[in-house]
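Below is one structure, written out as structure tokens, with a few remarks after it.
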Amino acid sequence: MVDRIDFSEVPKDRGYDSAFESDLEKKERKQSYKGLLSGKRKREKVPNKRDMEDEYIREEAKVHRFHAVAKDAYSRHKEYINNYLLYYGGKVTDFERDSSKDRTDMDVIRENHKFLWNDNEDESNESWEKRLAKKYYDKLFKEYCIADLSCYKENKVGMRWRIEKEVISGKGQFVCGNKKCTESEGLRSWEVNFGYMEHGEKKNALVKLRLCPDCSYKLNYHHKKKEVVKTSKKDRSSKSASHRKSHKKHRSDKDLERGESSRSEDDIDERKDDGVADGDEEVWKKPVVLTEKKSREDEFDEYFEDMFL
């Protein structure tokens with residue numbers, strides 16, 4: 001049988017009601033709770049939502065920058081284009097650049113090129129396109145021309161100057177000057193009066209060509225051109241001597257008659273007595289022919305004359 005406690009019989013001074021506590025007991029009780037409250041952490045302040053978004057964006061940017069630096073430029077470009085098309089839509093053709101108005105340096109040179117430039121022109125007042133074309137012209141070799149004889153039956157021949165690569169290979173000088181010919185035997189030099197249209201103006205230029213027999217036939221299909229033939233020093237000296245002789249022939253007949261009459265019959269008889277014939281006398285009247293030894297410079301000149309016919 002369970003015993004029951006009657007709380008009505010408990011003295012009121014021994015109960016747990018704080019109303020009957022003295023000031024000293026309250027003070028002791030508060031001091032006993034003081035150690036427990038000191039160990040409790042204070043509640044931290046929750047950050048603002050905007051600050052959290054900014055911090056998240058900065059962290060994502062660091063990760064994105066790390067992956068972007070690890071790729072090459074083309075891969076980054078492809079990734080950006082794909083992301084744009086994925087999020088905003090569109091086509092790849094929308095990103096193609098309009099190249100219809102693009103011009104390269106060669107296009108500028110073709111538009112402003114001249115077959116012959118005047119060296120006395122002031123380049124400071126010219127545009128950069130003309131200065132570029134002039135600089136290209138200065139690098140060309142203008143001793144021989146390269147010809148395009150594909151339309152020779154229509155009496156249309158194209159001409160241009162040689163470039164450095166063609167000079168080194170001998171094209172146009174030791175190889176036929178026709179653009180599509182590689183013959184190197186039996187070359188002949190031609191002097192051509194080249195007439196052409198340039199920027200709406202008719203112009204002429206005297207140029208030289210070295211062509212093989214077949215290409216020479218094509219060049220002279222409509223009109224015979226002037227051939228440049230090699231002339232040696234002997235031929236040039238004979239021409240100069242003949243020129244001097246022709247100059248002497250302009251003397252008057254009176255001077256010739258006086259010169260002929262100066263020979264008297266007595267002088268002729270005296271020469272016969274001495275045993276000197278008329279033929280022998282003519283030999284002694286001729287100038288002495290001196291054979292000079294060629295110098296090194298003369299030999300070089302003759303060599304280059306053969307090259308530049």
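Ordering of the structure tokens sets the chain letters (A, B, ...); residue numbers start at 1 within each chain; ligands are numbered from 1 in the order shown.
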Considering only C-alpha atoms, give me a table of residues in segment 38-124 of chain A that are at most 12 Å from segment 137-141 of chain A, with the closest atom pair and distance in Å for each, as a tab-separated table.
```
residue	atom	partner	partner_atom	distance
A:Ile109	CA	A:Tyr137	CA	9.3
A:Arg110	CA	A:Tyr137	CA	11.2
A:Asn112	CA	A:Tyr137	CA	10.6
A:His113	CA	A:Tyr137	CA	7.8
A:Lys114	CA	A:Tyr137	CA	7.9
A:Phe115	CA	A:Tyr137	CA	8.1
A:Leu116	CA	A:Tyr137	CA	8.3
A:Trp117	CA	A:Tyr137	CA	7.9
A:Asn118	CA	A:Tyr137	CA	11.0
A:Asp119	CA	A:Asp138	CA	9.9
```
For N, CA and C atoms, I'd like the residues from the last selection saved as an mmCIF file, in the first residue's frame.
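Just written: result-v6.cif:
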```cif
data_model
loop_
_atom_site.group_PDB
_atom_site.id
_atom_site.type_symbol
_atom_site.label_atom_id
_atom_site.label_comp_id
_atom_site.auth_asym_id
_atom_site.auth_seq_id
_atom_site.Cartn_x
_atom_site.Cartn_y
_atom_site.Cartn_z
ATOM 1 N N ILE A 109 47.955 48.900 -104.343
ATOM 2 C CA ILE A 109 49.009 49.059 -105.353
ATOM 3 C C ILE A 109 48.433 48.951 -106.756
ATOM 4 N N ARG A 110 47.503 48.015 -106.964
ATOM 5 C CA ARG A 110 46.880 47.867 -108.292
ATOM 6 C C ARG A 110 46.097 49.118 -108.675
ATOM 7 N N ASN A 112 46.675 52.237 -107.741
ATOM 8 C CA ASN A 112 47.507 53.432 -107.906
ATOM 9 C C ASN A 112 48.802 53.148 -108.660
ATOM 10 N N HIS A 113 48.942 51.977 -109.272
ATOM 11 C CA HIS A 113 50.203 51.624 -109.932
ATOM 12 C C HIS A 113 50.377 52.402 -111.233
ATOM 13 N N LYS A 114 51.633 52.739 -111.520
ATOM 14 C CA LYS A 114 52.003 53.368 -112.788
ATOM 15 C C LYS A 114 53.147 52.575 -113.402
ATOM 16 N N PHE A 115 53.097 52.435 -114.724
ATOM 17 C CA PHE A 115 54.176 51.729 -115.412
ATOM 18 C C PHE A 115 55.475 52.517 -115.344
ATOM 19 N N LEU A 116 55.394 53.843 -115.437
ATOM 20 C CA LEU A 116 56.550 54.724 -115.309
ATOM 21 C C LEU A 116 56.178 55.876 -114.380
ATOM 22 N N TRP A 117 57.025 56.118 -113.388
ATOM 23 C CA TRP A 117 56.826 57.217 -112.443
ATOM 24 C C TRP A 117 57.850 58.307 -112.723
ATOM 25 N N ASN A 118 57.450 59.523 -112.466
ATOM 26 C CA ASN A 118 58.356 60.661 -112.597
ATOM 27 C C ASN A 118 59.138 60.814 -111.300
ATOM 28 N N ASP A 119 60.463 60.751 -111.412
ATOM 29 C CA ASP A 119 61.296 60.837 -110.212
ATOM 30 C C ASP A 119 61.277 62.224 -109.582
#
```
Strand (DSSP E) positions in segment 73-203 of chain A, given as a ChimeraX atom specification: /A:141-148,158-162,188-198,201-203
Selection near segment 101-105 of chain A, 12 Å with only C-alpha atoms, sequence-local residues under 3 positions removed, as an MDAnalysis selection string: chainID A and resid 97:98 108:113 128:133 135:136
From A:Lys142, A:His223, A:Arg58, A:Lys208, residue lying nearest Arg188 of chain A [only C-alpha atoms]: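 Of the candidates, the smallest distance to Arg188 of chain A is held by A:Lys208.
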Computed interatomic separation between atom CA of Ala205 of chain A and atom CA of Trp190 of chain A (Å):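 Computed distance, atom CA of Ala205 of chain A to atom CA of Trp190 of chain A, equals 13.5 Å.
You will find atom CA of Tyr144 of chain A at 8.9 Å from atom CA of Arg160 of chain A.
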Distance table requested - segment 54-73 of chain A against segment 77-90 of chain A, cut-off 10 Å, only C-alpha atoms: one row per qualifying residue with the closest atom pair and its distance in Å to one decimal, ordered by chain and rising residue number, as CSV.
```
residue,atom,partner,partner_atom,distance
A:Ala68,CA,A:Glu79,CA,9.5
A:Lys71,CA,A:His77,CA,9.8
A:Asp72,CA,A:His77,CA,8.7
A:Ala73,CA,A:His77,CA,6.1
```
